[in-house]
Each structure stands twice: as structure tokens, then as C-alpha cells.
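Engineer: Provided herewith is a single structure, encoded as C-alpha cells, for subsequent inquiry.
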Amino acid sequence: MRKLRRAISALIVGLMLPLTTAALAEGALVEPTGRVVLTVSGKISVTNSGDTARFDMEMLRALPAQSFSTTTLWTEGVHEFTGVPLAVLLQELGISGSTVDAWAINDYLAEFDVSELEPNVPIIAYAMDGQPMPRRDKGPLWIVYPYDSSDHYRTEVVYSRSVWQLDRLDVLE
Ligand SMILES: Nc1nc2c(c(=O)[nH]1)N[C@H]1C(S)=C(S)[C@@H](COP(=O)(O)O)O[C@H]1N2
Ligand SMILES: [Mo]
């Protein structure tokens with residue numbers, strides 16, 4: 001009898017530990033205090049608002065940042081863009097899907113293959129030349145590639161993935 005009880009206790013502890021660890025990991029994302037600029041839904045394990053992860057600008061700026069200078073088809077001259085790499089953001093959220101839909105404020109949609117993402121390209125840019133981008137200048141969030149650095153970034157597919165006024169990501173199977 002005592003043996004059985006010990007076995008059950010061990011079983012309960014064994015079951016509880018991973019649950020506790022998962023709960024802690026899921027609680028890791030702070031709540032937005034400013035205006036929400038990006039909502040991530042779908043197959044993510046880190047959330048702060050029901051099944052979604054909502055970010056204000058401050059939360060995005062707190063993630064590892066990447067900057068590069070490039071021209072774009074849609075701006076004049078060379079500009080420095082700063083943001084969080086899409087791959088880094090997805091990793092922070094513990095995604096399990098393989099496709100990501102990126103939606104703009106006007107419901108424009110572009111699809112990304114997670115396996116094709118480079119560690120630092122593209123970025124979800126939140127600043128151009130160190131300044132926030134207003135909506136009329138493709139902001140506040142714009143998926144940007146270093147177009148000048150390689151032919152591979154000067155293709156119609158990459159252009160179509162250069163979603164400006166990004167406001168939602170949805171992680172799919
Ligand atoms: N928010 C948003 N981003 C967008 C688009 C759009 O319509 N809305 N068009 C995409 C496509 S298909 C391309 S080729 C490029 C260039 O769009 P343009 O032809 O309007 O310059 O921006 C991409 N990013
Ligand atoms: Mo396009």
C-alpha cells in the first residue's frame with residue numbers, strides 16, 4: 001500500500017514539473033502598456049492576451065534589434081532601417097507552425113515559409129533613420145529586406161513580402 005502511494009506521489013510530481021515549467025514559459029511575455037501595434041496569433045506558445053501575443057512599440061524595441069542601410073523601391077535615397085528580425089520574434093513566441101501570414105492594416109496579405117527565413121532577414125522595421133515611421137510613410141511597422149545587398153532581395157516575391165503598415169501575424173501549420 002505504501003509502495004503504491006509513493007508511486008502515485010512520484011507520478012504526480014513527475015506530471016506537475018513539466019506543467020509548471022510550461023506555465024512559467026507562457027507567462028514570460030509582459031503586457032503592452034502603450035498602443036498595441038502588432039498582434040500575433042496561431043501556433044504560438046508564449047502569449048499575453050488570451051491565445052495571442054500583443055506588442056506595443058516598447059516591447060518590440062526590447063527584443064534583439066537589427067539595422068541595415070539600403071534603398072527601397074518605395075523611398076528616395078539610402079535609409080537606415082532598424083527592427084526586430086521576423087525569425088527572432090517568432091522564436092521568442094515559441095512557434096510550432098511552418099507558415100506565417102503577415103497582414104497589413106488594409107488587409108494586404110503576404111505568406112512566409114518559416115524554413116526560408118534568415119536569422120536576421122527580413123526585419124520588422126519600427127524605425128527609419130532612427131525615427132518612428134508614421135502610417136503615411138509605411139509605418140509604424142514595415143517588413144524590410146536589405147535590397148541593395150543581394151540580387152536575391154530584388155525579386156517580385158521579396159517585394160510582395162515587403163508588407164508596410166503591418167499589424168498582424170498569424171502562425172499556421
Ligand atoms: N500594406 C501593403 N504592403 C504591400 C502591398 C500592399 O498593397 N499593401 N503591396 C506589395 C506588393 S505585391 C509589392 S510588389 C510591393 C510594391 O507595391 P507597389 O507596386 O504599390 O509599390 O509592396 C508590397 N507591400
Ligand atoms: Mo507585387
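Chain identifiers are assigned as A, B, and so on, following the order in which chains appear in the C-alpha cells; residues are numbered from 1 within each chain, and ligands are numbered from 1 in order of appearance.
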Please identify all polymer residues within 10 Å of range 100-111 of chain A, counting only C-alpha atoms, omitting same-chain residues fewer than 3 positions from it, and present them as JSON, numbers by chain.
Structural biologist: {"A": [38, 39, 40, 41, 42, 43, 86, 90, 95, 97, 114, 135, 141, 142, 143, 157, 158, 160, 161, 162, 163, 164, 165, 166, 167, 168, 169, 170, 171, 172, 173]}
Engineer: Contacts of Arg35 in chain A at 9 Å or less, counting only C-alpha atoms, minus same-chain residues fewer than 6 places along, as a list in words?
Structural biologist: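 That gives Phe55, Asp56 and Met57 of chain A.
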Engineer: Could you write out the selected residues, including N, CA, C and O atoms, as an mmCIF file, in the first residue's frame?
Structural biologist:
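Result file out.cif:
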data_model
loop_
_atom_site.group_PDB
_atom_site.id
_atom_site.type_symbol
_atom_site.label_atom_id
_atom_site.label_comp_id
_atom_site.auth_asym_id
_atom_site.auth_seq_id
_atom_site.Cartn_x
_atom_site.Cartn_y
_atom_site.Cartn_z
ATOM 1 N N PHE A 55 1.869 43.303 -28.874
ATOM 2 C CA PHE A 55 3.074 44.096 -28.659
ATOM 3 C C PHE A 55 2.790 45.582 -28.812
ATOM 4 O O PHE A 55 2.130 45.986 -29.775
ATOM 5 N N ASP A 56 3.335 46.385 -27.885
ATOM 6 C CA ASP A 56 3.427 47.819 -28.133
ATOM 7 C C ASP A 56 4.850 48.102 -28.623
ATOM 8 O O ASP A 56 5.687 47.189 -28.674
ATOM 9 N N MET A 57 5.136 49.335 -28.995
ATOM 10 C CA MET A 57 6.447 49.677 -29.552
ATOM 11 C C MET A 57 7.582 49.357 -28.584
ATOM 12 O O MET A 57 8.623 48.851 -28.974
#
Engineer: Using DSSP assignments from the backbone, pull out every residue in chain A that falls under strand (DSSP E or B) and give it to me as an MDAnalysis selection string.
Structural biologist: chainID A and resid 36:42 49 52:56 66:70 79:85 99:104 109:113 118 121 123:128 131 142:144 164 166:172
Engineer: Counting only C-alpha atoms, which of A:Gln66, A:Thr52, A:Thr75, A:Thr82 gets nearest to Ala125 in chain A?
Structural biologist: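 Comparing A:Gln66, A:Thr52, A:Thr75, A:Thr82 against Ala125 in chain A, the winner is A:Thr82.
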Engineer: Tell me which of A:Pro32, A:Gly139, A:Pro119, A:Gly83 sits closest to Met59 in chain A, counting only C-alpha atoms.
Structural biologist: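 Looking at the shortest contact to Met59 in chain A, the residue is A:Pro32.
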Engineer: Using only C-alpha atoms, can you tell me which of A:Arg61, A:Asp137, A:Val36, A:Asp113 comes closest to Glu76 in chain A?
Structural biologist: A:Asp137
Engineer: Would you mind reading off the distance between CA of Thr33 in chain A and CA of Arg54 in chain A, one decimal, in Å?
Structural biologist: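 Pair CA of Thr33 in chain A / CA of Arg54 in chain A returns 10.2 Å.
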Engineer: Among the residues of chain A, find those DSSP assigns to helix (DSSP H, G or I) from the backbone and print them as a PyMOL selection string.
Structural biologist: chain A and resi 2-26+57-61+86-92+114-116+135-137+147-149+151-153+156-160
Engineer: What lies within 8 Å of Met128 in chain A using only C-alpha atoms, ignoring chain neighbours under 6 positions off, as a PyMOL selection string?
Structural biologist: chain A and resi 79-82
Engineer: Would you please work out which residue, of A:Leu73, A:Ser96, A:Tyr126, A:His152, is nearest to ligand 1 when using only C-alpha atoms and all ligand atoms?
Structural biologist: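 Smallest separation from ligand 1 among the options: A:Leu73.
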Engineer: From the set A:Val84, A:Ala28, A:Leu63, A:Val121, which residue has the shortest atom-to-atom contact distance to Ser149 in chain A, counting only C-alpha atoms?
Structural biologist: A:Val121
Engineer: Find the residue from A:Pro85, A:Gly130, A:Thr155, A:Glu118 that sits nearest to ligand 2; use only C-alpha atoms and all ligand atoms when measuring.
Structural biologist: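 Looking only at the distances to ligand 2, the closest residue turns out to be A:Thr155.
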Engineer: Please compute the CA of Glu58 in chain A-CA of Leu117 in chain A distance, one decimal, in Å.
Structural biologist: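 CA of Leu117 in chain A lies at a distance of 24.1 Å from CA of Glu58 in chain A.
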Engineer: At what distance in Å, to one decimal, does CA of Tyr159 in chain A lie from atom 22 (O, counted along the ligand's line) of ligand 1?
Structural biologist: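 Going from atom 22 (O, counted along the ligand's line) of ligand 1 over to CA of Tyr159 in chain A covers 5.4 Å.
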